[in-house]
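Structure, as structure tokens:
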Amino acid sequence: MKIRIHWSLVAFLLFYGLMGMLFEMLVIFFIVVLHEAAHLIIAKGYNFTIDEIVLYPFGGKAVIEELIESDPGPEEKIALAGPFFNILLALLGLIAYQNQLIDYSHAEFFVRANFILAFFNLLPALPLDGGRILRARLANKIGFREATHKACLMGKILSIKMCVFGLLALYWQFLNLTIFFVAIFLFFAALNEEKRSLYVYYNYLTKKKRKLQNFGAVNCQELLAFEDVEIKHITKLFRPNKYHLVTVMDRNWYVRGRVGEKEILDILLSRGANTKISKLL
């Protein structure tokens, strides 16, 4: 497992350091690491392999390619672990202050940072934890690819709204560069998440083909498609833990033939996602 600190977190910590806010810098790094550790513990509880952990200013991202192969339920629980742990840390900070273990200014920043990290991460937009929860809830209905697209779109919309809010605040003579920093980062992070999901998805489809060959039987789902439809639109409908059979028809609704997921994956990898399903007949 690789642990990578994203450049944005380094920039964020340097900003606080140059402002003479060493305590704040250490607190942010500490709670981001604990936030991600909570994700890691729950993922390990499901026996998932963590390929990589990336630490960002607003939390982190555990790269777990196995999630797409499982029921979407675990992704929701893994995503919730981080924000819930931050809320727990905030409550512990309040208890520590009430028992005079830390002074007010330090306790106030620690509690506020944890609450902000928790509730910001629960917004339903990728790459935030809330976006992963949204994707998990949509995946069984519209498929992993389409669910990822919608959650990433929410991330882009959120970043635009944050920029608008930052400009309005500037108009009211309140300058907060952090808002613009996070908004720009979120937009490009959502773009990267969507691009990466395509690679993860194709890798998953290849693994599923090997799984069928190894085990000899898997759950099956039937689909209908017109012969002039590109296979990228068909693979969007593929669901976790199922093998798919596609009945192909012409526009007069006459059945032209039937193809399995193995054939679709083969042509996907050899000719590309824009190939029409009729090429398999």
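Ordered as shown in the structure tokens, chains take letters A, B, and onward, while each chain numbers its residues from 1 and ligands are numbered from 1 in the order shown.
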
Enumerate, as a VMD selection string, the complete set of residues in segment 81-274 of chain A that a backbone-based DSSP assignment places in strand (DSSP E). chain A and resid 220 to 226 243 to 249 255 to 260

Could you check which of A:Met19, A:Phe187, A:Val32, A:Ile78 is closest to Gly45 of chain A, using only C-alpha atoms? A:Ile78

May I have the residues within 12 Å of Lys279 of chain A as JSON, numbers by chain, using only C-alpha atoms and disregarding those fewer than 5 positions away in the same chain? {"A": [226, 227, 228, 229, 230, 231, 248, 256, 257, 258, 259, 263, 264, 266, 267, 268, 271, 272, 274]}

Run DSSP on the backbone of this structure and report the residues of segment 139-269 of chain A it assigns to helix (DSSP H, G or I), as a PyMOL selection string. chain A and resi 139-142+144-171+177-215+231-235+261-269

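Between atom CA of Ala190 of chain A and atom CA of Pro127 of chain A there is a distance of 5.8 Å.
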
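Within 9 Å of segment 150-156 of chain A, once only C-alpha atoms are used and residues closer than 6 positions along the same chain are dropped, the contacting residues are A:Leu123, A:Pro124, A:Ala125, A:Leu126, A:Pro127, A:Leu128, A:Gly130, A:Gly131, A:Arg132, A:Leu134, A:Arg135, A:Leu138, A:Ala183, A:Leu186, A:Phe187, A:Phe188, A:Ala189, A:Ala190, A:Leu191, A:Glu193, A:Glu194.
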
File of the preceding selection, N, CA and C atoms, as a PDB file, in the first residue's frame:
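Writing the result to part_31.pdb gives the following:
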```pdb
ATOM      1  N   LEU A 123     -20.882  16.464   1.888  1.00  0.00           N
ATOM      2  CA  LEU A 123     -21.579  17.020   0.725  1.00  0.00           C
ATOM      3  C   LEU A 123     -21.571  15.986  -0.402  1.00  0.00           C
ATOM      4  N   PRO A 124     -22.709  15.799  -1.084  1.00  0.00           N
ATOM      5  CA  PRO A 124     -22.825  14.719  -2.087  1.00  0.00           C
ATOM      6  C   PRO A 124     -22.139  15.046  -3.405  1.00  0.00           C
ATOM      7  N   ALA A 125     -20.805  15.079  -3.381  1.00  0.00           N
ATOM      8  CA  ALA A 125     -20.054  15.420  -4.585  1.00  0.00           C
ATOM      9  C   ALA A 125     -18.693  14.738  -4.540  1.00  0.00           C
ATOM     10  N   LEU A 126     -18.349  14.008  -5.595  1.00  0.00           N
ATOM     11  CA  LEU A 126     -17.004  13.441  -5.690  1.00  0.00           C
ATOM     12  C   LEU A 126     -15.995  14.551  -5.956  1.00  0.00           C
ATOM     13  N   PRO A 127     -14.792  14.472  -5.346  1.00  0.00           N
ATOM     14  CA  PRO A 127     -14.194  13.320  -4.674  1.00  0.00           C
ATOM     15  C   PRO A 127     -14.433  13.262  -3.167  1.00  0.00           C
ATOM     16  N   LEU A 128     -15.392  14.027  -2.655  1.00  0.00           N
ATOM     17  CA  LEU A 128     -15.676  14.014  -1.221  1.00  0.00           C
ATOM     18  C   LEU A 128     -16.339  12.704  -0.815  1.00  0.00           C
ATOM     19  N   GLY A 130     -19.084  12.295   0.728  1.00  0.00           N
ATOM     20  CA  GLY A 130     -20.505  12.345   0.384  1.00  0.00           C
ATOM     21  C   GLY A 130     -20.761  11.937  -1.049  1.00  0.00           C
ATOM     22  N   GLY A 131     -19.809  12.242  -1.939  1.00  0.00           N
ATOM     23  CA  GLY A 131     -19.934  11.818  -3.331  1.00  0.00           C
ATOM     24  C   GLY A 131     -19.816  10.317  -3.468  1.00  0.00           C
ATOM     25  N   ARG A 132     -18.989   9.695  -2.633  1.00  0.00           N
ATOM     26  CA  ARG A 132     -18.856   8.233  -2.656  1.00  0.00           C
ATOM     27  C   ARG A 132     -20.136   7.572  -2.119  1.00  0.00           C
ATOM     28  N   LEU A 134     -23.109   8.963  -2.392  1.00  0.00           N
ATOM     29  CA  LEU A 134     -24.068   9.157  -3.493  1.00  0.00           C
ATOM     30  C   LEU A 134     -23.857   8.115  -4.573  1.00  0.00           C
ATOM     31  N   ARG A 135     -22.590   7.879  -4.959  1.00  0.00           N
ATOM     32  CA  ARG A 135     -22.303   6.879  -6.006  1.00  0.00           C
ATOM     33  C   ARG A 135     -22.741   5.488  -5.569  1.00  0.00           C
ATOM     34  N   LEU A 138     -26.430   5.133  -5.981  1.00  0.00           N
ATOM     35  CA  LEU A 138     -26.900   5.158  -7.368  1.00  0.00           C
ATOM     36  C   LEU A 138     -26.429   3.953  -8.177  1.00  0.00           C
ATOM     37  N   ALA A 183     -12.173  25.441  -4.034  1.00  0.00           N
ATOM     38  CA  ALA A 183     -13.088  25.331  -5.174  1.00  0.00           C
ATOM     39  C   ALA A 183     -12.354  24.877  -6.435  1.00  0.00           C
ATOM     40  N   LEU A 186     -11.241  21.284  -6.036  1.00  0.00           N
ATOM     41  CA  LEU A 186     -12.365  20.347  -6.153  1.00  0.00           C
ATOM     42  C   LEU A 186     -12.738  20.106  -7.606  1.00  0.00           C
ATOM     43  N   PHE A 187     -12.742  21.177  -8.402  1.00  0.00           N
ATOM     44  CA  PHE A 187     -13.134  21.047  -9.808  1.00  0.00           C
ATOM     45  C   PHE A 187     -12.205  20.089 -10.540  1.00  0.00           C
ATOM     46  N   PHE A 188     -10.900  20.302 -10.387  1.00  0.00           N
ATOM     47  CA  PHE A 188      -9.940  19.449 -11.098  1.00  0.00           C
ATOM     48  C   PHE A 188      -9.871  18.048 -10.486  1.00  0.00           C
ATOM     49  N   ALA A 189     -10.117  17.940  -9.181  1.00  0.00           N
ATOM     50  CA  ALA A 189     -10.154  16.617  -8.551  1.00  0.00           C
ATOM     51  C   ALA A 189     -11.334  15.810  -9.078  1.00  0.00           C
ATOM     52  N   ALA A 190     -12.474  16.477  -9.298  1.00  0.00           N
ATOM     53  CA  ALA A 190     -13.647  15.800  -9.854  1.00  0.00           C
ATOM     54  C   ALA A 190     -13.365  15.330 -11.284  1.00  0.00           C
ATOM     55  N   LEU A 191     -12.674  16.168 -12.066  1.00  0.00           N
ATOM     56  CA  LEU A 191     -12.293  15.774 -13.438  1.00  0.00           C
ATOM     57  C   LEU A 191     -11.395  14.544 -13.416  1.00  0.00           C
ATOM     58  N   GLU A 193     -11.092  12.331 -11.035  1.00  0.00           N
ATOM     59  CA  GLU A 193     -11.832  11.181 -10.519  1.00  0.00           C
ATOM     60  C   GLU A 193     -12.622  10.507 -11.636  1.00  0.00           C
ATOM     61  N   GLU A 194     -13.220  11.320 -12.500  1.00  0.00           N
ATOM     62  CA  GLU A 194     -14.011  10.773 -13.598  1.00  0.00           C
ATOM     63  C   GLU A 194     -13.118  10.069 -14.624  1.00  0.00           C
TER      64      GLU A 194
END
```

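Closest approach to Ser159 of chain A from the set A:Phe12, A:Phe181, A:Tyr171, A:Phe215 is made by A:Phe181, with distances taken over only C-alpha atoms.
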